[in-house]
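One file, protein_7.txt, carrying compact mmCIF, C-alpha atoms and all ligand atoms:
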# COMPACT_ATOMS: atom_id res chain seq x y z
CA MET A 726 -106.84 -82.54 96.85
CA ALA A 727 -104.96 -79.22 96.98
CA PRO A 728 -105.95 -76.72 94.27
CA GLU A 729 -103.56 -76.61 91.35
CA THR A 730 -101.44 -73.46 91.17
CA SER A 731 -99.58 -74.01 87.89
CA PRO A 732 -99.69 -71.07 85.44
CA SER A 733 -102.16 -72.95 83.22
CA ALA A 734 -104.40 -73.64 86.24
CA VAL A 735 -104.37 -69.95 87.24
CA LEU A 736 -105.25 -68.91 83.69
CA ALA A 737 -108.01 -71.53 83.54
CA LEU A 738 -109.52 -70.26 86.81
CA GLY A 739 -109.43 -66.69 85.44
CA ALA A 740 -111.27 -67.82 82.32
CA GLN A 741 -113.79 -69.67 84.50
CA ALA A 742 -114.52 -66.42 86.38
CA ALA A 743 -114.95 -64.59 83.06
CA TRP A 744 -117.45 -67.21 81.87
CA SER A 745 -119.50 -66.65 85.03
CA LEU A 746 -119.86 -62.98 83.95
CA VAL A 747 -121.02 -64.05 80.48
CA ARG A 748 -123.50 -66.45 82.14
CA ARG A 749 -124.87 -63.61 84.29
CA ALA A 750 -125.14 -61.31 81.25
CA GLU A 751 -127.05 -64.00 79.34
CA ALA A 752 -129.55 -64.37 82.20
CA LEU A 753 -130.02 -60.57 82.57
CA ARG A 754 -130.43 -60.10 78.82
CA ALA A 755 -133.14 -62.77 78.70
CA ARG A 756 -134.99 -61.16 81.66
CA ALA A 757 -134.82 -57.71 80.02
CA ALA A 758 -136.18 -59.09 76.73
CA LYS A 759 -138.82 -61.17 78.61
CA GLY A 760 -137.26 -64.30 77.16
CA ALA A 761 -137.39 -63.15 73.53
CA VAL A 762 -133.66 -63.21 72.92
CA ALA A 763 -132.11 -64.36 69.68
CA GLY A 764 -128.98 -66.45 69.96
CA PRO A 765 -126.18 -66.32 72.55
CA LEU A 766 -123.99 -63.24 73.19
CA LEU A 767 -120.94 -65.21 72.08
CA GLY A 768 -121.77 -67.34 69.05
CA HIS A 769 -118.77 -69.61 69.51
CA GLY A 770 -119.38 -70.27 73.22
CA PRO A 771 -121.54 -72.81 75.02
CA VAL A 772 -125.37 -72.86 74.97
CA PHE A 773 -126.79 -70.92 77.94
CA ARG A 774 -130.51 -71.14 77.23
CA VAL A 775 -132.93 -73.63 75.72
CA PRO A 776 -132.45 -73.49 71.94
CA VAL A 777 -135.84 -73.24 70.20
CA GLY A 778 -136.74 -73.35 66.52
CA THR A 779 -134.42 -72.00 63.89
CA ALA A 780 -131.37 -69.86 64.69
CA GLY A 781 -132.40 -66.40 65.78
CA ALA A 782 -135.97 -67.40 66.68
CA PRO A 783 -137.33 -65.83 69.85
CA THR A 784 -137.36 -68.09 72.91
CA LEU A 785 -140.48 -66.57 74.54
CA ASP A 786 -142.33 -69.89 74.59
CA ALA A 787 -139.33 -72.03 75.34
CA PRO A 788 -139.69 -74.69 77.99
CA LEU A 789 -137.46 -74.80 81.05
CA ALA A 790 -134.62 -77.28 81.07
CA LEU A 791 -133.59 -78.91 84.33
CA THR A 792 -130.05 -80.29 84.24
CA VAL A 793 -128.58 -82.57 86.90
CA ASP A 794 -124.80 -82.97 87.19
CA ASP A 795 -122.12 -85.16 88.81
CA GLY A 796 -124.00 -88.49 89.11
CA PRO A 797 -124.98 -91.16 88.86
CA ASP A 798 -125.05 -91.74 92.62
CA PRO A 799 -126.62 -94.83 94.24
CA ASP A 800 -128.31 -92.74 96.97
CA TRP A 801 -129.33 -89.50 95.30
CA THR A 802 -130.03 -90.38 91.68
CA PRO A 803 -132.91 -92.79 92.51
CA ALA A 804 -134.36 -90.29 95.03
CA LEU A 805 -134.23 -87.49 92.46
CA LEU A 806 -135.71 -89.71 89.74
CA ASP A 807 -138.67 -90.46 92.04
CA VAL A 808 -139.27 -86.73 92.59
CA LEU A 809 -139.05 -85.96 88.87
CA ALA A 810 -141.47 -88.80 88.07
CA SER A 811 -143.98 -87.55 90.64
CA HIS A 812 -143.99 -84.13 88.89
CA GLY A 813 -143.89 -85.50 85.35
CA VAL A 814 -140.64 -83.61 84.69
CA ARG A 815 -138.00 -84.93 82.31
CA ALA A 816 -134.45 -83.64 82.77
CA THR A 817 -130.94 -83.93 81.35
CA PHE A 818 -128.38 -85.79 83.48
CA PHE A 819 -124.75 -84.77 82.82
CA VAL A 820 -122.92 -87.81 84.12
CA VAL A 821 -119.32 -88.31 85.22
CA GLY A 822 -117.94 -91.25 83.19
CA ALA A 823 -116.14 -92.96 86.09
CA ARG A 824 -119.35 -92.89 88.17
CA ALA A 825 -121.41 -94.04 85.19
CA ARG A 826 -119.10 -97.03 84.79
CA ALA A 827 -119.62 -97.91 88.49
CA HIS A 828 -123.43 -97.59 88.32
CA PRO A 829 -124.57 -98.62 84.83
CA GLY A 830 -128.01 -99.68 86.08
CA LEU A 831 -128.72 -96.08 87.09
CA LEU A 832 -127.78 -94.84 83.62
CA ARG A 833 -130.31 -97.22 82.12
CA ARG A 834 -132.99 -96.18 84.61
CA VAL A 835 -132.42 -92.48 83.75
CA LEU A 836 -132.97 -93.21 80.06
CA ALA A 837 -135.87 -95.61 80.66
CA GLU A 838 -137.72 -92.85 82.52
CA GLY A 839 -137.48 -90.48 79.57
CA HIS A 840 -134.55 -88.32 80.65
CA HIS A 841 -131.52 -87.53 78.50
CA LEU A 842 -127.86 -88.26 79.28
CA GLY A 843 -125.03 -85.78 78.69
CA ASN A 844 -121.25 -86.09 79.06
CA HIS A 845 -119.71 -84.33 82.11
CA SER A 846 -116.11 -85.62 81.70
CA LEU A 847 -114.59 -88.87 82.96
CA THR A 848 -113.16 -87.76 86.32
CA HIS A 849 -114.42 -84.17 86.85
CA ARG A 850 -110.87 -82.75 87.03
CA GLN A 851 -110.65 -79.04 87.83
CA PRO A 852 -109.79 -76.53 86.57
CA PHE A 853 -110.90 -78.42 83.48
CA ALA A 854 -109.62 -75.75 81.07
CA ALA A 855 -106.07 -76.28 82.38
CA LEU A 856 -105.92 -79.81 80.93
CA ALA A 857 -103.74 -80.47 77.91
CA ALA A 858 -105.40 -81.43 74.62
CA GLY A 859 -104.68 -85.14 75.11
CA ALA A 860 -106.24 -85.18 78.58
CA LEU A 861 -109.31 -83.28 77.35
CA ASP A 862 -109.76 -85.81 74.57
CA HIS A 863 -109.41 -88.70 77.05
CA GLU A 864 -111.96 -87.20 79.47
CA ILE A 865 -114.52 -86.68 76.72
CA ALA A 866 -113.94 -89.81 74.62
CA HIS A 867 -113.99 -92.29 77.51
CA THR A 868 -117.26 -90.97 78.88
CA GLN A 869 -118.83 -91.20 75.41
CA ARG A 870 -117.71 -94.83 75.26
CA VAL A 871 -118.91 -95.73 78.78
CA VAL A 872 -122.39 -94.30 78.18
CA ALA A 873 -122.67 -95.81 74.68
CA ASP A 874 -121.46 -99.24 75.87
CA GLU A 875 -123.87 -99.33 78.82
CA THR A 876 -126.96 -97.84 77.18
CA GLY A 877 -126.49 -98.08 73.42
CA VAL A 878 -126.96 -94.30 73.22
CA ALA A 879 -124.02 -91.89 72.88
CA PRO A 880 -124.48 -88.41 74.43
CA VAL A 881 -124.71 -85.41 72.12
CA LEU A 882 -124.21 -82.77 74.84
CA PHE A 883 -121.21 -81.89 77.00
CA ARG A 884 -120.90 -79.75 80.10
CA ALA A 885 -117.45 -78.76 81.40
CA PRO A 886 -116.85 -79.36 85.14
CA ALA A 887 -117.61 -76.06 86.97
CA GLY A 888 -118.27 -74.37 83.60
CA GLY A 889 -114.53 -74.50 82.87
CA TRP A 890 -114.67 -73.52 79.20
CA SER A 891 -111.77 -72.40 77.04
CA ARG A 892 -110.99 -72.31 73.35
CA SER A 893 -109.32 -75.73 73.62
CA VAL A 894 -112.16 -77.25 75.67
CA LEU A 895 -114.71 -75.99 73.14
CA ALA A 896 -112.59 -77.28 70.25
CA ALA A 897 -112.28 -80.73 71.88
CA VAL A 898 -116.03 -80.85 72.56
CA ARG A 899 -116.85 -79.95 68.95
CA HIS A 900 -114.23 -82.39 67.66
CA HIS A 901 -116.37 -85.14 69.24
CA GLY A 902 -119.49 -83.72 67.60
CA LEU A 903 -120.94 -82.58 70.95
CA THR A 904 -122.77 -79.36 71.82
CA PRO A 905 -121.34 -77.49 74.84
CA VAL A 906 -124.06 -76.64 77.39
CA ASP A 907 -123.86 -74.14 80.25
CA TRP A 908 -126.76 -72.77 82.39
CA THR A 909 -128.52 -69.58 83.54
CA VAL A 910 -130.01 -70.57 86.92
CA ASP A 911 -127.62 -71.81 89.60
CA PRO A 912 -128.84 -72.38 93.17
CA LYS A 913 -125.30 -73.55 94.12
CA ASP A 914 -126.87 -76.66 95.64
CA TRP A 915 -123.46 -78.41 95.65
CA ARG A 916 -122.54 -76.16 98.61
CA ARG A 917 -125.53 -77.63 100.45
CA PRO A 918 -127.28 -74.37 101.34
CA ALA A 919 -130.63 -74.39 103.17
CA VAL A 920 -133.46 -76.13 101.32
CA GLU A 921 -135.35 -72.78 101.22
CA HIS A 922 -132.43 -71.13 99.37
CA ILE A 923 -132.48 -73.76 96.63
CA VAL A 924 -136.30 -73.56 96.40
CA GLU A 925 -136.19 -69.77 96.08
CA ARG A 926 -133.53 -69.73 93.36
CA VAL A 927 -135.03 -72.54 91.27
CA SER A 928 -138.60 -71.17 91.59
CA ARG A 929 -137.43 -67.89 90.02
CA ALA A 930 -136.64 -69.60 86.70
CA HIS A 931 -138.27 -68.28 83.52
CA ALA A 932 -139.06 -69.85 80.14
CA GLY A 933 -135.89 -70.80 78.34
CA ASP A 934 -133.73 -70.99 81.43
CA ILE A 935 -131.36 -73.90 81.96
CA ILE A 936 -131.34 -74.82 85.67
CA LEU A 937 -128.26 -76.44 87.21
CA CYS A 938 -128.65 -78.96 90.07
CA HIS A 939 -126.62 -81.94 91.30
CA ASP A 940 -127.32 -85.59 92.14
CA GLY A 941 -123.70 -86.56 92.91
CA GLY A 942 -120.53 -85.36 94.60
CA GLY A 943 -121.90 -85.35 98.17
CA ASP A 944 -125.07 -85.36 100.26
CA ARG A 945 -127.82 -84.13 97.92
CA SER A 946 -130.75 -84.50 100.33
CA HIS A 947 -131.35 -80.73 100.26
CA THR A 948 -131.50 -80.74 96.45
CA VAL A 949 -134.01 -83.60 96.37
CA LYS A 950 -136.25 -81.92 98.98
CA ALA A 951 -135.97 -78.49 97.37
CA LEU A 952 -136.81 -79.71 93.87
CA ASP A 953 -139.97 -81.39 95.15
CA THR A 954 -141.19 -77.96 96.37
CA ALA A 955 -139.79 -75.83 93.52
CA LEU A 956 -141.28 -78.08 90.82
CA THR A 957 -144.69 -77.78 92.49
CA THR A 958 -144.37 -73.96 92.39
CA LEU A 959 -143.15 -73.86 88.78
CA ARG A 960 -145.83 -76.30 87.61
CA ALA A 961 -148.51 -74.17 89.32
CA ARG A 962 -147.18 -71.20 87.31
CA GLY A 963 -147.69 -73.20 84.13
CA ALA A 964 -144.01 -73.92 83.45
CA ARG A 965 -143.22 -76.61 80.89
CA PHE A 966 -140.10 -78.75 81.14
CA ALA A 967 -138.22 -80.55 78.39
CA PRO A 968 -134.88 -82.35 78.39
CA LEU A 969 -132.18 -80.79 76.21
ZN ZN A 1001 -119.92 -81.02 87.90
Please go through the file and, once you have read it, give me the structure as structure tokens.
Amino acid sequence: MAPETSPSAVLALGAQAAWSLVRRAEALRARAAKGAVAGPLLGHGPVFRVPVGTAGAPTLDAPLALTVDDGPDPDWTPALLDVLASHGVRATFFVVGARARAHPGLLRRVLAEGHHLGNHSLTHRQPFAALAAGALDHEIAHTQRVVADETGVAPVLFRAPAGGWSRSVLAAVRHHGLTPVDWTVDPKDWRRPAVEHIVERVSRAHAGDIILCHDGGGDRSHTVKALDTALTTLRARGARFAPL
């Protein structure tokens, strides 16, 4: 599909680039404070790090949160679930509603193995922030319904495709009672870099970081392999994991 070039799409892509700077600032601020940061830089924006305790509490002892986007996928979701089980790591799967509807058994397996499910839109349209209010509502509401119908549990978290936040996306997310969630560690595994690259980026995570990986949208064999190694390294360092 050709990229959209309408004025709203161009604006949305500009905002997406700005959010990537905020994301970087959040990660640097947490490193500088050795994890003891209180609250996000932008109070009205998405969550970038693992929220711990009451508002303003330091996040020094926060666990790591592994998040897995774009599934469920009949090849890669089961493979990733096996790796997570072998390391005793529970994660948060941000699912695409249309894929969830096609593979409801995988949704149920994710939940049965102790992971959490989040909403990652119905069709993963991009730039997400360029969508009109009605389309945003449709993307969010339908995925809530698919997951609730198939599992009996409605998600409480939402992640915008490609981190495409805007005032209207955030308003739509909050209208549905959901918490917007971003990330601080991104190995860009969707581009299918070398396994070593993903291992190196993920292994660098610190307490409180939210790690972004993918189990859908293409061949995720590198992600599955890399996580097996990176989780061994992080576990050896004493890292704790908890789903969001
Ligand atoms: Zn995605």
**Fill in**
Counting all atoms listed in the file, the residue among A:Pro912, A:Pro799, A:Gly888, A:Pro918 that lies closest to ligand ZN 1001 (chain A) is A:Gly888
**Asked** Do you have the CA of His863 in chain A-CA of Val835 in chain A distance handy?
**Response**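 Separation between CA of His863 in chain A and CA of Val835 in chain A: 24.3 Å.
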**Complete:** Counting all atoms listed in the file, closest pick from A:Leu766, A:Ala790, A:Ala896, A:Val878 relative to Val927 in chain A is A:Ala790
**Prompt:** With all atoms listed in the file as the basis for distance, which of A:Ala857, A:Leu952, A:Val821, A:Leu789 is at the shortest distance from ligand ZN 1001 (chain A)?
**Reply:**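 The closest residue to ligand ZN 1001 (chain A) is A:Val821.
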**Item:** Contact residues around Gly796 in chain A with all atoms listed in the file at 7 Å, ignoring same-chain residues under 3 positions, as a ChimeraX atom specification
**Value:** /A:802,820-821,824,940-941
**Distance of CA of His931 in chain A from CA of Leu842 in chain A, expressed in Å to one decimal place** =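 According to the coordinates, CA of Leu842 in chain A and CA of His931 in chain A are separated by 22.9 Å.
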**Request:** May I ask which of the residues A:His769, A:Ala951, A:Ala804, A:Gln741 is the closest one to Arg899 in chain A, counting only C-alpha atoms?
**Result:**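 Selected residue with least distance to Arg899 in chain A: A:His769.
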**Nearest candidate to Ile865 in chain A (options A:Phe773, A:Trp801, A:Phe883, A:Phe853; using only C-alpha atoms)** =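 Of all the options, A:Phe883 lies closest to Ile865 in chain A.
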If you take all atoms listed in the file and a cut-off of 10 Å, which residues of chain A touch ligand ZN 1001 (chain A), and what are their nearest atom pairs and distances in Å to one decimal, in chain and number order, as CSV?
residue,atom,partner,partner_atom,distance
A:Val793,CA,A:ZN1001,ZN,8.9
A:Asp794,CA,A:ZN1001,ZN,5.3
A:Asp795,CA,A:ZN1001,ZN,4.8
A:Gly796,CA,A:ZN1001,ZN,8.6
A:Phe819,CA,A:ZN1001,ZN,7.9
A:Val820,CA,A:ZN1001,ZN,8.3
A:Val821,CA,A:ZN1001,ZN,7.8
A:His845,CA,A:ZN1001,ZN,6.7
A:Ser846,CA,A:ZN1001,ZN,8.6
A:Thr848,CA,A:ZN1001,ZN,9.7
A:His849,CA,A:ZN1001,ZN,6.4
A:Arg850,CA,A:ZN1001,ZN,9.3
A:Gln851,CA,A:ZN1001,ZN,9.5
A:Arg884,CA,A:ZN1001,ZN,8.0
A:Ala885,CA,A:ZN1001,ZN,7.3
A:Pro886,CA,A:ZN1001,ZN,4.4
A:Ala887,CA,A:ZN1001,ZN,5.6
A:Gly888,CA,A:ZN1001,ZN,8.1
A:Gly889,CA,A:ZN1001,ZN,9.8
A:Trp915,CA,A:ZN1001,ZN,8.9
A:Leu937,CA,A:ZN1001,ZN,9.5
A:Cys938,CA,A:ZN1001,ZN,9.2
A:His939,CA,A:ZN1001,ZN,7.6
A:Asp940,CA,A:ZN1001,ZN,9.7
A:Gly941,CA,A:ZN1001,ZN,8.4
A:Gly942,CA,A:ZN1001,ZN,8.0
**Item:** Coordinates-based distance that separates CA of Thr958 in chain A from CA of Leu809 in chain A (Å, one decimal)
**Value:**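 Rounded to one decimal, the two atoms are 13.6 Å apart.
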**Message:** When you count all atoms listed in the file, which of these residues is closest to Arg826 in chain A: A:Arg945, A:Arg756, A:Arg870, A:His840?
**Reply:**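 Ranked by minimum distance to Arg826 in chain A, first place goes to A:Arg870.
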